[in-house]
$ cat entry_10.txt   # compact mmCIF, C-alpha atoms
# COMPACT_ATOMS: atom_id res chain seq x y z
CA ASN A 1 -33.35 21.24 -113.58
CA ASN A 2 -31.68 21.06 -110.16
CA GLU A 3 -28.52 23.17 -109.89
CA THR A 4 -26.11 22.83 -106.98
CA VAL A 5 -23.76 25.62 -105.90
CA MET A 6 -20.46 24.03 -104.78
CA LEU A 7 -18.71 27.25 -103.67
CA ARG A 8 -19.65 30.89 -103.21
CA SER A 9 -17.33 33.84 -103.53
CA PRO A 10 -15.73 35.45 -101.58
CA LEU A 11 -14.36 32.37 -99.82
CA LYS A 12 -14.15 32.81 -96.03
CA VAL A 13 -13.92 30.25 -93.23
CA GLY A 14 -17.27 30.01 -91.50
CA ASP A 15 -19.35 31.11 -94.48
CA SER A 16 -22.42 28.92 -94.86
CA TRP A 17 -25.51 28.69 -97.01
CA GLU A 18 -28.63 26.58 -97.47
CA GLU A 19 -29.96 25.17 -100.73
CA LYS A 20 -31.79 22.26 -102.23
CA GLY A 21 -29.35 19.38 -102.60
CA PHE A 22 -29.53 16.23 -104.64
CA GLY A 23 -33.06 14.91 -104.92
CA GLY A 24 -34.44 18.34 -103.99
CA GLU A 25 -33.80 17.74 -100.28
CA PRO A 26 -32.57 20.65 -98.08
CA SER A 27 -28.81 20.87 -97.79
CA SER A 28 -26.47 23.10 -95.76
CA LYS A 29 -22.88 23.90 -96.74
CA LYS A 30 -20.09 25.52 -94.76
CA ILE A 31 -16.46 26.40 -95.48
CA ILE A 32 -14.55 24.92 -92.55
CA GLY A 33 -10.96 25.65 -93.51
CA PHE A 34 -8.22 26.37 -96.03
CA ASP A 35 -5.64 24.05 -94.50
CA GLY A 36 -7.23 20.66 -94.98
CA SER A 37 -5.23 17.59 -95.95
CA ILE A 38 -6.36 14.29 -97.37
CA THR A 39 -4.59 11.17 -98.54
CA THR A 40 -6.15 9.16 -101.36
CA PRO A 41 -4.91 5.98 -103.07
CA THR A 42 -3.19 8.19 -105.71
CA ALA A 43 -1.80 11.21 -103.80
CA THR A 44 -1.69 13.31 -100.64
CA TYR A 45 -3.08 16.84 -100.88
CA SER A 46 -2.48 19.61 -98.36
CA ASP A 47 -3.58 23.25 -98.02
CA CYS A 48 -7.02 22.40 -99.36
CA LEU A 49 -10.23 24.34 -98.95
CA VAL A 50 -12.64 22.06 -97.06
CA LEU A 51 -16.38 22.35 -97.67
CA GLU A 52 -18.71 20.51 -95.28
CA THR A 53 -22.17 19.51 -96.49
CA GLN A 54 -25.04 18.21 -94.33
CA GLN A 55 -28.03 16.55 -95.98
CA ASN A 56 -30.53 14.01 -94.63
CA GLY A 57 -28.36 13.27 -91.59
CA THR A 58 -25.30 12.55 -93.74
CA GLN A 59 -22.14 14.67 -93.59
CA SER A 60 -19.67 14.98 -96.43
CA LYS A 61 -16.45 16.95 -96.83
CA SER A 62 -15.14 18.08 -100.20
CA TYR A 63 -11.47 19.01 -100.58
CA PHE A 64 -10.49 21.60 -103.20
CA LYS A 65 -6.84 22.22 -104.14
CA LYS A 66 -5.89 25.58 -105.66
CA ASN A 67 -5.22 25.32 -109.42
CA THR A 68 -6.53 21.73 -109.44
CA GLY A 69 -10.14 21.83 -108.20
CA LEU A 70 -11.99 19.05 -106.40
CA VAL A 71 -9.49 16.35 -105.35
CA ALA A 72 -11.61 14.26 -102.95
CA THR A 73 -14.90 13.91 -101.11
CA THR A 74 -15.48 11.93 -97.93
CA VAL A 75 -18.82 10.81 -96.50
CA THR A 76 -19.49 10.09 -92.81
CA MET A 77 -22.13 7.47 -92.10
CA GLY A 78 -22.58 5.61 -88.86
CA GLY A 79 -19.78 7.66 -87.31
CA GLU A 80 -17.19 6.46 -89.84
CA GLU A 81 -15.63 8.74 -92.47
CA LYS A 82 -14.98 7.03 -95.79
CA LEU A 83 -13.39 8.19 -99.01
CA PHE A 84 -16.19 8.52 -101.57
CA ILE A 85 -14.67 10.33 -104.59
CA TYR A 86 -11.04 11.10 -105.45
CA LEU A 87 -8.98 12.45 -108.30
CA LEU A 88 -7.21 9.70 -110.25
CA GLU A 89 -4.49 11.92 -111.69
CA ASP A 90 -3.50 15.57 -111.48
$ encode --input "entry_10.txt" --output "structure tokens"
Amino acid sequence: NNETVMLRSPLKVGDSWEEKGFGGEPSSKKIIGFDGSITTPTATYSDCLVLETQQNGTQSKSYFKKNTGLVATTVTMGGEEKLFIYLLED
């Protein structure tokens, strides 16, 4: 059983932690802001908590909207950030 901690309380910009990520590989996570914005094919979200994850040389950012939860995740590979997951409807 491999559990992943998405967020840790209390939430503060700059907080970071290490854990085993998907596949049991080391992963580092860091809260980088509370004012993130992202546009997806279905909506634009602002004032989001942004969580950055580094694993195996890949960076992802997860965007959390208060009272909604995870609204999108981007992945950066080869220097290009791409939308990976997004909320279809609120």
$ axis_aligned_box --input "entry_10.txt" --around "region 19-38 of chain A" --padding-each-side "3 Å" --output "AutoDock Vina command-line options"
--center_x -19.8 --center_y 20.3 --center_z -98.7 --size_x 35.2 --size_y 18.1 --size_z 18.4
$ atom_distance --input "entry_10.txt" --atom1 "CA of Val71 (chain A)" --atom2 "CA of Ile32 (chain A)"
16.2 Å
$ residues_around --input "entry_10.txt" --residues "region 3-19 of chain A" --least-positions-apart "5" --cutoff "12 Å" --atoms "all atoms listed in the file" --output "ChimeraX atom specification"
/A:24-36,49-55,61-64,69-70
$ closest_residue --input "entry_10.txt" --among "A:Phe22, A:Asn67, A:Leu88, A:Thr58" --to "Thr40 (chain A)" --atoms "only C-alpha atoms"
A:Leu88
$ atom_distance --input "entry_10.txt" --atom1 "CA of Gly79 (chain A)" --atom2 "CA of Asp47 (chain A)"
24.9 Å
$ decode --input "entry_10.txt" --residues "region 62-87 of chain A" --atoms "N, CA, C and O atoms" --output "PDB file, in the first residue's frame"
ATOM      1  N   SER A  62       0.099  21.339  -8.965  1.00  0.00           N
ATOM      2  CA  SER A  62      -1.312  21.048  -8.719  1.00  0.00           C
ATOM      3  C   SER A  62      -1.968  22.300  -8.170  1.00  0.00           C
ATOM      4  O   SER A  62      -1.417  22.955  -7.281  1.00  0.00           O
ATOM      5  N   TYR A  63      -3.130  22.627  -8.695  1.00  0.00           N
ATOM      6  CA  TYR A  63      -3.864  23.842  -8.331  1.00  0.00           C
ATOM      7  C   TYR A  63      -5.120  23.451  -7.557  1.00  0.00           C
ATOM      8  O   TYR A  63      -5.945  22.682  -8.057  1.00  0.00           O
ATOM      9  N   PHE A  64      -5.228  23.973  -6.327  1.00  0.00           N
ATOM     10  CA  PHE A  64      -6.363  23.678  -5.453  1.00  0.00           C
ATOM     11  C   PHE A  64      -7.160  24.949  -5.211  1.00  0.00           C
ATOM     12  O   PHE A  64      -6.606  25.961  -4.781  1.00  0.00           O
ATOM     13  N   LYS A  65      -8.458  24.905  -5.464  1.00  0.00           N
ATOM     14  CA  LYS A  65      -9.354  26.041  -5.250  1.00  0.00           C
ATOM     15  C   LYS A  65     -10.154  25.790  -3.972  1.00  0.00           C
ATOM     16  O   LYS A  65     -10.691  24.706  -3.771  1.00  0.00           O
ATOM     17  N   LYS A  66     -10.199  26.813  -3.106  1.00  0.00           N
ATOM     18  CA  LYS A  66     -10.937  26.701  -1.847  1.00  0.00           C
ATOM     19  C   LYS A  66     -12.388  26.325  -2.137  1.00  0.00           C
ATOM     20  O   LYS A  66     -13.013  26.863  -3.052  1.00  0.00           O
ATOM     21  N   ASN A  67     -12.912  25.407  -1.350  1.00  0.00           N
ATOM     22  CA  ASN A  67     -14.281  24.893  -1.439  1.00  0.00           C
ATOM     23  C   ASN A  67     -14.559  24.075  -2.697  1.00  0.00           C
ATOM     24  O   ASN A  67     -15.697  23.704  -2.945  1.00  0.00           O
ATOM     25  N   THR A  68     -13.523  23.815  -3.499  1.00  0.00           N
ATOM     26  CA  THR A  68     -13.681  22.975  -4.691  1.00  0.00           C
ATOM     27  C   THR A  68     -12.727  21.789  -4.631  1.00  0.00           C
ATOM     28  O   THR A  68     -13.102  20.672  -4.909  1.00  0.00           O
ATOM     29  N   GLY A  69     -11.463  22.048  -4.290  1.00  0.00           N
ATOM     30  CA  GLY A  69     -10.439  21.002  -4.270  1.00  0.00           C
ATOM     31  C   GLY A  69      -9.520  21.118  -5.468  1.00  0.00           C
ATOM     32  O   GLY A  69      -9.317  22.209  -6.014  1.00  0.00           O
ATOM     33  N   LEU A  70      -8.984  19.990  -5.900  1.00  0.00           N
ATOM     34  CA  LEU A  70      -8.043  19.970  -7.022  1.00  0.00           C
ATOM     35  C   LEU A  70      -8.778  20.335  -8.308  1.00  0.00           C
ATOM     36  O   LEU A  70      -9.759  19.685  -8.679  1.00  0.00           O
ATOM     37  N   VAL A  71      -8.315  21.397  -8.995  1.00  0.00           N
ATOM     38  CA  VAL A  71      -8.960  21.815 -10.243  1.00  0.00           C
ATOM     39  C   VAL A  71      -8.087  21.514 -11.464  1.00  0.00           C
ATOM     40  O   VAL A  71      -8.604  21.389 -12.574  1.00  0.00           O
ATOM     41  N   ALA A  72      -6.770  21.399 -11.269  1.00  0.00           N
ATOM     42  CA  ALA A  72      -5.895  21.116 -12.413  1.00  0.00           C
ATOM     43  C   ALA A  72      -4.507  20.716 -11.938  1.00  0.00           C
ATOM     44  O   ALA A  72      -4.077  21.087 -10.854  1.00  0.00           O
ATOM     45  N   THR A  73      -3.825  19.964 -12.797  1.00  0.00           N
ATOM     46  CA  THR A  73      -2.413  19.633 -12.594  1.00  0.00           C
ATOM     47  C   THR A  73      -1.706  19.802 -13.925  1.00  0.00           C
ATOM     48  O   THR A  73      -2.212  19.368 -14.961  1.00  0.00           O
ATOM     49  N   THR A  74      -0.548  20.461 -13.879  1.00  0.00           N
ATOM     50  CA  THR A  74       0.297  20.586 -15.066  1.00  0.00           C
ATOM     51  C   THR A  74       1.569  19.779 -14.846  1.00  0.00           C
ATOM     52  O   THR A  74       1.983  19.552 -13.716  1.00  0.00           O
ATOM     53  N   VAL A  75       2.185  19.356 -15.946  1.00  0.00           N
ATOM     54  CA  VAL A  75       3.447  18.628 -15.899  1.00  0.00           C
ATOM     55  C   VAL A  75       4.409  19.324 -16.856  1.00  0.00           C
ATOM     56  O   VAL A  75       4.034  19.663 -17.982  1.00  0.00           O
ATOM     57  N   THR A  76       5.645  19.542 -16.399  1.00  0.00           N
ATOM     58  CA  THR A  76       6.676  20.149 -17.243  1.00  0.00           C
ATOM     59  C   THR A  76       7.673  19.072 -17.642  1.00  0.00           C
ATOM     60  O   THR A  76       8.292  18.443 -16.783  1.00  0.00           O
ATOM     61  N   MET A  77       7.776  18.868 -18.945  1.00  0.00           N
ATOM     62  CA  MET A  77       8.736  17.904 -19.489  1.00  0.00           C
ATOM     63  C   MET A  77       9.398  18.548 -20.700  1.00  0.00           C
ATOM     64  O   MET A  77       8.720  19.178 -21.513  1.00  0.00           O
ATOM     65  N   GLY A  78      10.693  18.435 -20.772  1.00  0.00           N
ATOM     66  CA  GLY A  78      11.420  19.033 -21.880  1.00  0.00           C
ATOM     67  C   GLY A  78      11.278  20.543 -21.927  1.00  0.00           C
ATOM     68  O   GLY A  78      11.300  21.134 -22.991  1.00  0.00           O
ATOM     69  N   GLY A  79      11.093  21.160 -20.748  1.00  0.00           N
ATOM     70  CA  GLY A  79      10.977  22.610 -20.667  1.00  0.00           C
ATOM     71  C   GLY A  79       9.607  23.159 -21.016  1.00  0.00           C
ATOM     72  O   GLY A  79       9.399  24.358 -21.006  1.00  0.00           O
ATOM     73  N   GLU A  80       8.648  22.300 -21.334  1.00  0.00           N
ATOM     74  CA  GLU A  80       7.312  22.751 -21.728  1.00  0.00           C
ATOM     75  C   GLU A  80       6.267  22.288 -20.707  1.00  0.00           C
ATOM     76  O   GLU A  80       6.184  21.102 -20.383  1.00  0.00           O
ATOM     77  N   GLU A  81       5.485  23.250 -20.206  1.00  0.00           N
ATOM     78  CA  GLU A  81       4.432  22.943 -19.233  1.00  0.00           C
ATOM     79  C   GLU A  81       3.149  22.608 -19.979  1.00  0.00           C
ATOM     80  O   GLU A  81       2.703  23.359 -20.832  1.00  0.00           O
ATOM     81  N   LYS A  82       2.571  21.447 -19.649  1.00  0.00           N
ATOM     82  CA  LYS A  82       1.350  21.007 -20.314  1.00  0.00           C
ATOM     83  C   LYS A  82       0.290  20.653 -19.283  1.00  0.00           C
ATOM     84  O   LYS A  82       0.597  20.108 -18.224  1.00  0.00           O
ATOM     85  N   LEU A  83      -0.949  20.947 -19.631  1.00  0.00           N
ATOM     86  CA  LEU A  83      -2.079  20.584 -18.790  1.00  0.00           C
ATOM     87  C   LEU A  83      -2.211  19.066 -18.800  1.00  0.00           C
ATOM     88  O   LEU A  83      -2.241  18.441 -19.858  1.00  0.00           O
ATOM     89  N   PHE A  84      -2.267  18.459 -17.620  1.00  0.00           N
ATOM     90  CA  PHE A  84      -2.280  17.005 -17.499  1.00  0.00           C
ATOM     91  C   PHE A  84      -3.632  16.510 -16.992  1.00  0.00           C
ATOM     92  O   PHE A  84      -4.171  15.544 -17.511  1.00  0.00           O
ATOM     93  N   ILE A  85      -4.173  17.171 -15.978  1.00  0.00           N
ATOM     94  CA  ILE A  85      -5.462  16.810 -15.376  1.00  0.00           C
ATOM     95  C   ILE A  85      -6.237  18.097 -15.161  1.00  0.00           C
ATOM     96  O   ILE A  85      -5.658  19.105 -14.770  1.00  0.00           O
ATOM     97  N   TYR A  86      -7.553  18.074 -15.388  1.00  0.00           N
ATOM     98  CA  TYR A  86      -8.368  19.244 -15.043  1.00  0.00           C
ATOM     99  C   TYR A  86      -9.790  18.819 -14.711  1.00  0.00           C
ATOM    100  O   TYR A  86     -10.264  17.779 -15.143  1.00  0.00           O
ATOM    101  N   LEU A  87     -10.436  19.674 -13.937  1.00  0.00           N
ATOM    102  CA  LEU A  87     -11.802  19.444 -13.486  1.00  0.00           C
ATOM    103  C   LEU A  87     -12.758  19.704 -14.641  1.00  0.00           C
ATOM    104  O   LEU A  87     -12.704  20.750 -15.286  1.00  0.00           O
TER     105      LEU A  87
END
